[in-house]
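What follows is the content of data-v6.txt (compact mmCIF, C-alpha atoms).
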```
# COMPACT_ATOMS: atom_id res chain seq x y z
CA MET V 15 -22.89 -18.88 3.31
CA PRO V 16 -19.91 -17.71 5.39
CA ASN V 17 -18.95 -14.03 5.39
CA LEU V 18 -15.76 -14.26 3.37
CA PHE V 19 -15.05 -10.57 3.91
CA ASP V 20 -14.82 -11.09 7.70
CA LEU V 21 -11.26 -10.28 8.82
CA LYS V 22 -11.77 -10.87 12.55
CA GLY V 23 -8.71 -12.44 14.13
CA LYS V 24 -6.45 -11.09 11.38
CA VAL V 25 -3.59 -8.65 11.93
CA ALA V 26 -2.86 -6.13 9.18
CA LEU V 27 0.20 -3.89 8.79
CA VAL V 28 -0.25 -0.81 6.60
CA THR V 29 2.72 1.36 5.69
CA GLY V 30 1.99 4.99 4.94
CA GLY V 31 -1.12 4.32 6.96
CA SER V 32 -1.55 7.68 8.67
CA ARG V 33 -3.01 9.72 5.81
CA GLY V 34 -4.59 9.59 2.36
CA LEU V 35 -5.25 6.20 0.84
CA GLY V 36 -3.25 4.49 3.59
CA ARG V 37 -5.53 5.82 6.32
CA ALA V 38 -8.64 4.85 4.34
CA ILE V 39 -7.23 1.35 3.83
CA ALA V 40 -6.32 0.94 7.50
CA LEU V 41 -9.76 2.03 8.70
CA GLY V 42 -11.46 -0.13 6.07
CA LEU V 43 -9.56 -3.19 7.27
CA ALA V 44 -10.48 -2.33 10.87
CA ASP V 45 -14.15 -1.96 9.90
CA HIS V 46 -14.02 -5.55 8.63
CA GLY V 47 -12.54 -6.84 11.87
CA ALA V 48 -8.75 -6.70 11.50
CA ASP V 49 -6.36 -5.43 14.15
CA LEU V 50 -3.97 -2.83 12.76
CA ILE V 51 -0.32 -1.86 12.82
CA ILE V 52 0.02 1.68 11.47
CA VAL V 53 3.43 2.66 10.09
CA SER V 54 4.41 6.09 8.79
CA ARG V 55 7.01 8.76 9.41
CA ASN V 56 4.83 11.06 11.53
CA ALA V 57 4.36 9.69 15.04
CA ASP V 58 1.42 11.97 15.88
CA ASN V 59 -0.47 10.99 12.73
CA CYS V 60 0.22 7.30 13.42
CA ASP V 61 -1.16 7.67 16.93
CA ALA V 62 -4.26 9.48 15.66
CA VAL V 63 -5.14 6.68 13.23
CA ALA V 64 -4.40 4.06 15.89
CA ARG V 65 -6.95 5.77 18.13
CA GLU V 66 -9.50 5.70 15.29
CA VAL V 67 -8.90 1.97 14.92
CA GLU V 68 -9.31 1.39 18.66
CA ALA V 69 -12.56 3.41 18.60
CA ARG V 70 -13.83 0.73 16.21
CA GLY V 71 -13.15 -1.92 18.84
CA ARG V 72 -9.96 -3.24 17.28
CA ARG V 73 -6.41 -3.41 18.65
CA ALA V 74 -3.86 -1.02 17.18
CA LEU V 75 -0.14 -0.34 17.28
CA ALA V 76 1.44 2.88 15.98
CA LEU V 77 5.02 2.50 14.72
CA PRO V 78 6.64 5.66 13.35
CA ALA V 79 9.34 4.78 10.81
CA HIS V 80 10.67 5.79 7.40
CA MET V 81 10.01 3.00 4.91
CA GLY V 82 12.72 4.28 2.59
CA ARG V 83 15.41 3.39 5.14
CA TRP V 84 16.23 -0.29 5.50
CA GLU V 85 17.71 0.17 8.97
CA GLU V 86 14.26 1.27 10.22
CA ILE V 87 12.33 -1.57 8.58
CA ASP V 88 13.73 -4.55 10.49
CA PRO V 89 12.88 -3.03 13.92
CA VAL V 90 9.31 -2.34 12.74
CA VAL V 91 8.84 -5.99 11.84
CA GLU V 92 10.33 -7.14 15.14
CA ARG V 93 8.06 -4.84 17.16
CA ALA V 94 4.99 -5.86 15.17
CA TYR V 95 5.59 -9.55 15.83
CA ALA V 96 6.52 -8.91 19.46
CA ARG V 97 3.12 -7.27 20.00
CA PHE V 98 0.82 -9.47 17.92
CA GLY V 99 2.86 -12.58 17.16
CA ARG V 100 1.73 -12.52 13.54
CA VAL V 101 0.99 -10.42 10.47
CA ASP V 102 -1.70 -11.84 8.19
CA ILE V 103 -2.07 -8.89 5.82
CA LEU V 104 0.73 -6.59 4.66
CA VAL V 105 -0.19 -3.49 2.67
CA ASN V 106 2.86 -1.77 1.19
CA ASN V 107 1.36 1.68 0.67
CA ALA V 108 4.07 4.19 1.66
CA GLY V 109 5.33 6.13 -1.31
CA MET V 110 6.10 9.49 -2.89
CA SER V 111 5.37 10.81 -6.38
CA PRO V 112 7.25 14.04 -7.03
CA ALA V 113 7.01 15.55 -10.49
CA ALA V 114 10.06 16.94 -12.30
CA PRO V 115 10.13 19.56 -15.08
CA SER V 116 12.46 17.45 -17.22
CA SER V 117 14.74 14.43 -17.04
CA VAL V 118 17.90 16.52 -17.20
CA GLU V 119 16.72 18.59 -14.24
CA THR V 120 16.02 15.50 -12.13
CA SER V 121 18.69 15.05 -9.48
CA GLU V 122 20.29 11.80 -8.42
CA LYS V 123 19.15 12.54 -4.87
CA LEU V 124 15.52 12.66 -6.00
CA VAL V 125 15.83 9.43 -8.01
CA ASP V 126 17.41 7.63 -5.06
CA ALA V 127 14.71 8.87 -2.66
CA VAL V 128 11.90 7.80 -4.99
CA LEU V 129 13.38 4.35 -5.58
CA SER V 130 14.10 3.83 -1.88
CA LEU V 131 10.58 4.59 -0.70
CA ASN V 132 8.58 3.16 -3.60
CA PHE V 133 10.57 0.00 -4.29
CA LYS V 134 13.42 -0.80 -1.90
CA GLY V 135 11.26 -0.34 1.21
CA PRO V 136 8.40 -2.57 0.00
CA PHE V 137 10.96 -5.14 -1.17
CA ARG V 138 12.52 -5.38 2.28
CA MET V 139 9.16 -5.41 4.11
CA SER V 140 7.83 -8.13 1.83
CA ALA V 141 11.02 -10.16 2.14
CA LEU V 142 10.87 -10.11 5.93
CA ILE V 143 7.14 -10.52 6.46
CA GLY V 144 6.53 -12.75 3.44
CA THR V 145 9.13 -15.21 4.73
CA ARG V 146 7.43 -15.28 8.14
CA MET V 147 4.05 -15.75 6.48
CA VAL V 148 5.40 -18.78 4.63
CA GLU V 149 6.67 -20.21 7.90
CA ALA V 150 3.27 -19.55 9.52
CA GLY V 151 1.44 -21.27 6.67
CA GLY V 152 -0.41 -18.32 5.13
CA GLY V 153 -0.85 -14.62 4.56
CA CYS V 154 -1.48 -11.98 1.97
CA ILE V 155 0.61 -9.08 0.65
CA ILE V 156 -0.95 -6.17 -1.21
CA ASN V 157 1.34 -3.68 -2.94
CA ILE V 158 -0.04 -0.25 -3.77
CA GLY V 159 1.39 0.61 -7.15
CA SER V 160 0.27 3.22 -9.65
CA VAL V 161 -1.32 3.39 -13.07
CA GLY V 162 1.78 5.46 -13.86
CA ALA V 163 3.73 2.20 -14.00
CA VAL V 164 1.79 1.18 -17.12
CA ARG V 165 0.84 4.67 -18.34
CA PRO V 166 4.07 6.64 -17.67
CA THR V 167 4.47 10.31 -18.52
CA PRO V 168 7.72 12.30 -18.76
CA GLU V 169 7.32 14.21 -15.49
CA ILE V 170 7.11 11.06 -13.34
CA ILE V 171 9.77 8.81 -14.89
CA PRO V 172 11.56 7.85 -11.61
CA TYR V 173 8.22 7.24 -9.87
CA ALA V 174 6.80 5.29 -12.79
CA GLY V 175 9.98 3.22 -12.97
CA ALA V 176 9.87 2.45 -9.25
CA LYS V 177 6.23 1.38 -9.48
CA ALA V 178 7.00 -0.76 -12.54
CA ALA V 179 9.66 -2.47 -10.43
CA LEU V 180 6.98 -2.97 -7.74
CA ASN V 181 4.80 -4.71 -10.33
CA ALA V 182 7.67 -7.04 -11.22
CA MET V 183 8.27 -7.71 -7.53
CA THR V 184 4.59 -8.53 -7.05
CA ILE V 185 4.65 -11.21 -9.74
CA ALA V 186 7.98 -12.65 -8.56
CA HIS V 187 7.00 -12.73 -4.87
CA ALA V 188 3.72 -14.40 -5.79
CA GLN V 189 5.87 -17.23 -7.12
CA GLU V 190 8.43 -17.20 -4.30
CA PHE V 191 5.93 -17.24 -1.43
CA ALA V 192 3.39 -19.62 -3.03
CA PRO V 193 1.34 -21.66 -2.49
CA HIS V 194 0.07 -20.40 0.86
CA VAL V 195 0.92 -16.68 0.64
CA ARG V 196 -0.80 -14.57 -2.00
CA VAL V 197 0.81 -11.41 -3.41
CA ASN V 198 -1.11 -8.88 -5.50
CA ALA V 199 -0.90 -5.22 -6.48
CA VAL V 200 -3.46 -2.45 -6.83
CA LEU V 201 -2.67 0.28 -9.36
CA PRO V 202 -4.60 3.45 -8.43
CA GLY V 203 -5.22 6.42 -10.65
CA SER V 204 -5.87 9.89 -9.23
CA PHE V 205 -7.71 9.93 -5.91
CA ARG V 206 -9.15 12.82 -3.93
CA THR V 207 -6.89 12.62 -0.88
CA ASP V 208 -5.10 15.37 1.04
CA VAL V 209 -2.46 15.45 -1.71
CA ALA V 210 -5.13 16.55 -4.18
CA GLN V 211 -5.45 19.84 -2.28
CA HIS V 212 -2.17 20.91 -3.89
CA TRP V 213 -3.31 20.15 -7.45
CA SER V 214 -4.58 22.85 -9.80
CA ALA V 215 -8.31 23.49 -9.78
CA ASP V 216 -8.72 22.30 -13.38
CA LYS V 217 -6.79 19.04 -12.98
CA GLU V 218 -9.85 16.88 -12.45
CA ALA V 219 -11.62 18.38 -15.48
CA GLY V 220 -8.68 17.29 -17.63
CA THR V 221 -8.40 13.75 -16.29
CA PRO V 222 -7.94 11.09 -19.00
CA ALA V 223 -10.02 8.63 -16.96
CA VAL V 224 -13.13 7.61 -18.89
CA LEU V 225 -15.22 8.09 -15.72
CA ARG V 226 -14.21 11.78 -15.95
CA ARG V 227 -13.43 12.26 -12.27
CA PHE V 228 -11.01 11.45 -9.47
CA GLY V 229 -11.62 8.48 -7.22
CA GLU V 230 -12.76 8.78 -3.62
CA PRO V 231 -10.56 7.02 -1.01
CA ASP V 232 -13.28 4.52 -0.08
CA GLU V 233 -13.39 3.39 -3.71
CA ILE V 234 -10.02 1.68 -3.35
CA VAL V 235 -10.89 0.10 -0.01
CA THR V 236 -13.31 -2.40 -1.59
CA THR V 237 -10.52 -3.77 -3.79
CA ILE V 238 -8.21 -4.06 -0.78
CA ILE V 239 -10.84 -5.90 1.26
CA TYR V 240 -11.40 -8.30 -1.64
CA LEU V 241 -7.67 -9.07 -1.92
CA ALA V 242 -7.28 -9.40 1.86
CA SER V 243 -10.22 -11.76 2.18
CA ASP V 244 -10.96 -15.37 1.30
CA HIS V 245 -13.00 -14.14 -1.67
CA SER V 246 -9.68 -13.80 -3.55
CA ARG V 247 -8.15 -17.10 -2.45
CA PHE V 248 -7.42 -18.04 -6.11
CA THR V 249 -5.96 -14.62 -7.00
CA THR V 250 -2.22 -14.05 -6.81
CA GLY V 251 0.34 -12.26 -8.94
CA ALA V 252 -2.45 -9.95 -10.18
CA LEU V 253 -2.08 -6.26 -11.05
CA ILE V 254 -5.50 -4.66 -10.59
CA ARG V 255 -6.07 -1.17 -11.97
CA VAL V 256 -8.41 1.09 -10.00
CA ASP V 257 -8.05 4.21 -12.10
CA GLY V 258 -11.43 5.19 -13.48
CA GLY V 259 -10.55 3.67 -16.85
CA ARG V 260 -7.34 5.35 -17.92
CA PRO V 261 -6.89 4.68 -21.67
```
Produce structure tokens that represent the structure in this file.
Amino acid sequence: MPNLFDLKGKVALVTGGSRGLGRAIALGLADHGADLIIVSRNADNCDAVAREVEARGRRALALPAHMGRWEEIDPVVERAYARFGRVDILVNNAGMSPAAPSSVETSEKLVDAVLSLNFKGPFRMSALIGTRMVEAGGGCIINIGSVGAVRPTPEIIPYAGAKAALNAMTIAHAQEFAPHVRVNAVLPGSFRTDVAQHWSADKEAGTPAVLRRFGEPDEIVTTIIYLASDHSRFTTGALIRVDGGRP
């Protein structure tokens, strides 16, 4: 039986790929054979992850850019295709999830920033790369959403709204780019990444997840590998929760 999880010969682009879940996803894809394009705002962090990818015997390209700014997205796509000539796997992971004390205290500037990074950026990246994937005859787009999109709470309304829009985009792009390009979304719950260092010590004890703990970064990688591989060739337009069973 062929190894359907083998990604050798594939090129993957991961936004927000220099830290947290993005870094884990990038390295997981590299471990399964993919070459990587790492995109995030911090050039040094991008370079560091690119070196980790190369240490695994894969090719890597570090592209520092802000995914909330459309004028920086087009050049990223051009440089990615100039280097590799293709993108087979796009992971829209870059995002931000600031909490606000109340709706009335939430500024327009914050709402605009959250929408730009969590929705507008992925929309533009998917539009550009998805169209090229269609022309090339295949590809796969994986959007990293949030369980907050389907389980919103008052302190994350702009973030939850942006991720809900990402869910809608996932379903619509699955239709637009079909039949040869698949588009799916993963909706994580709370994961123990570097961001978790800033959470209160009792946050995990109070998690509503039925597994009663936070996820570890590698526990999302298996879902990504499934969606990026031929094992999921009949899966598109899906919203997959990886949240420890949030009720």
Original post:
Which polymer residues have any atom within 9 Å of an atom of Thr237 in chain V, counting only C-alpha atoms, with same-chain residues fewer than 3 positions away left out, as a list in words?
Top reply: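 Result of the neighbour search: Val200, Glu233, Ile234, Tyr240, Leu241, Ala242, Ile254 and Val256 of chain V.
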**OP:** Find the residue from V:Pro231, V:Pro222, V:Pro193, V:Gly258 that sits nearest to Val148 in chain V; use all atoms listed in the file when measuring.
**Re:**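 Smallest separation from Val148 in chain V among the options: V:Pro193.
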Subject >> Residue nearest Arg146 in chain V - candidates V:Val209, V:Leu35, V:Val101, V:Ile51, atoms counted: all atoms listed in the file >> reply: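 Closest candidate: V:Val101.
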List the neighbours of range 81-89 of chain V out to 7 Å using only C-alpha atoms; skip same-chain residues closer than 4 positions along the sequence, and give me the result as a JSON list (two decimals) with C-alpha atoms, in the coordinates of the input.
```
[["chain", "number", "residue", "atom", "x", "y", "z"],
["V", 93, "ARG", "CA", 8.06, -4.84, 17.16],
["V", 108, "ALA", "CA", 4.07, 4.19, 1.66],
["V", 130, "SER", "CA", 14.10, 3.83, -1.88],
["V", 131, "LEU", "CA", 10.58, 4.59, -0.70],
["V", 134, "LYS", "CA", 13.42, -0.80, -1.90],
["V", 135, "GLY", "CA", 11.26, -0.34, 1.21],
["V", 139, "MET", "CA", 9.16, -5.41, 4.11]]
```
Subject >> Distance criterion (all atoms listed in the file): nearest to Ser140 in chain V out of V:Asp126, V:Glu169, V:Glu190, V:Asp232 >> reply: V:Glu190
**OP:** Mind checking which residues fall within 6 Å of Leu21 in chain V, counting only C-alpha atoms, ignoring those fewer than 5 positions away in the same chain, and posting them as a list in words?
**Re:** His46, Gly47 and Ala48 of chain V
**OP:** Enter the distance from CA of Ile143 in chain V to CA of Asp208 in chain V, in Å, rounded to one decimal.
**Re:**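 Going from CA of Ile143 in chain V over to CA of Asp208 in chain V covers 29.1 Å.
Distance-wise, CA of Val197 in chain V and CA of Ile185 in chain V end up 7.4 Å apart.
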Original post:
V:Ala150, V:Met110, V:Ala179, V:Leu43: which is nearest Val28 in chain V, counting only C-alpha atoms?
Top reply: V:Leu43
**OP:** Find the distance between CA of Ser54 in chain V and CA of Asn106 in chain V and write it in Å to one decimal.
**Re:**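 Separation of CA of Ser54 in chain V and CA of Asn106 in chain V: 11.0 Å.
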Subject >> Residue nearest Ala192 in chain V among V:Leu50, V:Val224, V:Leu142, V:Cys154 (counting all atoms listed in the file) >> reply: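 For Ala192 in chain V, the nearest of the candidates is V:Cys154.
Distances here use all atoms listed in the file; by that measure, the residue among V:Val67, V:Leu225, V:Ala76, V:Ile155 closest to Ile238 in chain V is V:Ile155.
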Subject >> Residues within 7 Å of Asn198 in chain V, only C-alpha atoms, excluding chain neighbours under 2 positions, as a list in words >> reply: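 Non-adjacent residues within range: Ile155, Ile156, Asn157, Thr184, Arg196, Val200, Thr250, Gly251, Ala252 and Leu253 of chain V.
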Using only C-alpha atoms - which residues lie no farther than 12 Å from the point (1.0, 4.6, -15.2) in the file's frame? Write them as a JSON list (two decimals) with C-alpha atoms, in the coordinates of the input.
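out-v3.json, freshly written:
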```json
[["chain", "number", "residue", "atom", "x", "y", "z"],
["V", 111, "SER", "CA", 5.37, 10.81, -6.38],
["V", 159, "GLY", "CA", 1.39, 0.61, -7.15],
["V", 160, "SER", "CA", 0.27, 3.22, -9.65],
["V", 161, "VAL", "CA", -1.32, 3.39, -13.07],
["V", 162, "GLY", "CA", 1.78, 5.46, -13.86],
["V", 163, "ALA", "CA", 3.73, 2.20, -14.00],
["V", 164, "VAL", "CA", 1.79, 1.18, -17.12],
["V", 165, "ARG", "CA", 0.84, 4.67, -18.34],
["V", 166, "PRO", "CA", 4.07, 6.64, -17.67],
["V", 167, "THR", "CA", 4.47, 10.31, -18.52],
["V", 168, "PRO", "CA", 7.72, 12.30, -18.76],
["V", 169, "GLU", "CA", 7.32, 14.21, -15.49],
["V", 170, "ILE", "CA", 7.11, 11.06, -13.34],
["V", 171, "ILE", "CA", 9.77, 8.81, -14.89],
["V", 172, "PRO", "CA", 11.56, 7.85, -11.61],
["V", 173, "TYR", "CA", 8.22, 7.24, -9.87],
["V", 174, "ALA", "CA", 6.80, 5.29, -12.79],
["V", 175, "GLY", "CA", 9.98, 3.22, -12.97],
["V", 176, "ALA", "CA", 9.87, 2.45, -9.25],
["V", 177, "LYS", "CA", 6.23, 1.38, -9.48],
["V", 178, "ALA", "CA", 7.00, -0.76, -12.54],
["V", 181, "ASN", "CA", 4.80, -4.71, -10.33],
["V", 200, "VAL", "CA", -3.46, -2.45, -6.83],
["V", 201, "LEU", "CA", -2.67, 0.28, -9.36],
["V", 202, "PRO", "CA", -4.60, 3.45, -8.43],
["V", 203, "GLY", "CA", -5.22, 6.42, -10.65],
["V", 204, "SER", "CA", -5.87, 9.89, -9.23],
["V", 222, "PRO", "CA", -7.94, 11.09, -19.00],
["V", 223, "ALA", "CA", -10.02, 8.63, -16.96],
["V", 255, "ARG", "CA", -6.07, -1.17, -11.97],
["V", 256, "VAL", "CA", -8.41, 1.09, -10.00],
["V", 257, "ASP", "CA", -8.05, 4.21, -12.10],
["V", 259, "GLY", "CA", -10.55, 3.67, -16.85],
["V", 260, "ARG", "CA", -7.34, 5.35, -17.92],
["V", 261, "PRO", "CA", -6.89, 4.68, -21.67]]
```
Can you put N, CA and C atoms back into range 38-61 of chain V and show it as a compact mmCIF listing (two decimals), in the coordinates of the input?
```txt
# COMPACT_ATOMS: atom_id res chain seq x y z
N ALA V 38 -7.37 5.44 4.76
CA ALA V 38 -8.64 4.85 4.34
C ALA V 38 -8.55 3.33 4.33
N ILE V 39 -7.43 2.80 3.87
CA ILE V 39 -7.23 1.35 3.83
C ILE V 39 -7.19 0.78 5.24
N ALA V 40 -6.43 1.43 6.12
CA ALA V 40 -6.32 0.94 7.50
C ALA V 40 -7.69 0.91 8.18
N LEU V 41 -8.45 1.98 8.05
CA LEU V 41 -9.76 2.03 8.70
C LEU V 41 -10.73 1.04 8.05
N GLY V 42 -10.61 0.85 6.75
CA GLY V 42 -11.46 -0.13 6.07
C GLY V 42 -11.19 -1.54 6.57
N LEU V 43 -9.92 -1.87 6.73
CA LEU V 43 -9.56 -3.19 7.27
C LEU V 43 -10.08 -3.35 8.70
N ALA V 44 -9.97 -2.29 9.50
CA ALA V 44 -10.48 -2.33 10.87
C ALA V 44 -12.00 -2.51 10.88
N ASP V 45 -12.69 -1.84 9.97
CA ASP V 45 -14.15 -1.96 9.90
C ASP V 45 -14.58 -3.39 9.58
N HIS V 46 -13.70 -4.15 8.95
CA HIS V 46 -14.02 -5.55 8.63
C HIS V 46 -13.42 -6.52 9.64
N GLY V 47 -12.91 -5.98 10.76
CA GLY V 47 -12.54 -6.84 11.87
C GLY V 47 -11.07 -7.01 12.16
N ALA V 48 -10.19 -6.49 11.32
CA ALA V 48 -8.75 -6.70 11.50
C ALA V 48 -8.19 -5.78 12.58
N ASP V 49 -7.18 -6.27 13.30
CA ASP V 49 -6.36 -5.43 14.15
C ASP V 49 -5.28 -4.79 13.26
N LEU V 50 -4.81 -3.61 13.66
CA LEU V 50 -3.97 -2.83 12.76
C LEU V 50 -2.64 -2.42 13.37
N ILE V 51 -1.61 -2.47 12.52
CA ILE V 51 -0.32 -1.86 12.82
C ILE V 51 -0.15 -0.73 11.81
N ILE V 52 -0.06 0.49 12.31
CA ILE V 52 0.02 1.68 11.47
C ILE V 52 1.47 2.15 11.43
N VAL V 53 2.04 2.23 10.24
CA VAL V 53 3.43 2.66 10.09
C VAL V 53 3.48 3.87 9.17
N SER V 54 4.12 4.94 9.64
CA SER V 54 4.41 6.09 8.79
C SER V 54 5.44 6.95 9.51
N ARG V 55 5.94 7.96 8.83
CA ARG V 55 7.01 8.76 9.41
C ARG V 55 6.55 9.64 10.56
N ASN V 56 5.31 10.10 10.54
CA ASN V 56 4.83 11.06 11.53
C ASN V 56 4.19 10.34 12.71
N ALA V 57 4.83 10.43 13.86
CA ALA V 57 4.36 9.69 15.04
C ALA V 57 2.98 10.15 15.48
N ASP V 58 2.72 11.46 15.45
CA ASP V 58 1.42 11.97 15.88
C ASP V 58 0.30 11.47 14.97
N ASN V 59 0.55 11.47 13.67
CA ASN V 59 -0.47 10.99 12.73
C ASN V 59 -0.71 9.49 12.90
N CYS V 60 0.37 8.75 13.15
CA CYS V 60 0.22 7.30 13.42
C CYS V 60 -0.66 7.07 14.64
N ASP V 61 -0.39 7.81 15.69
CA ASP V 61 -1.16 7.67 16.93
C ASP V 61 -2.63 8.02 16.70
```
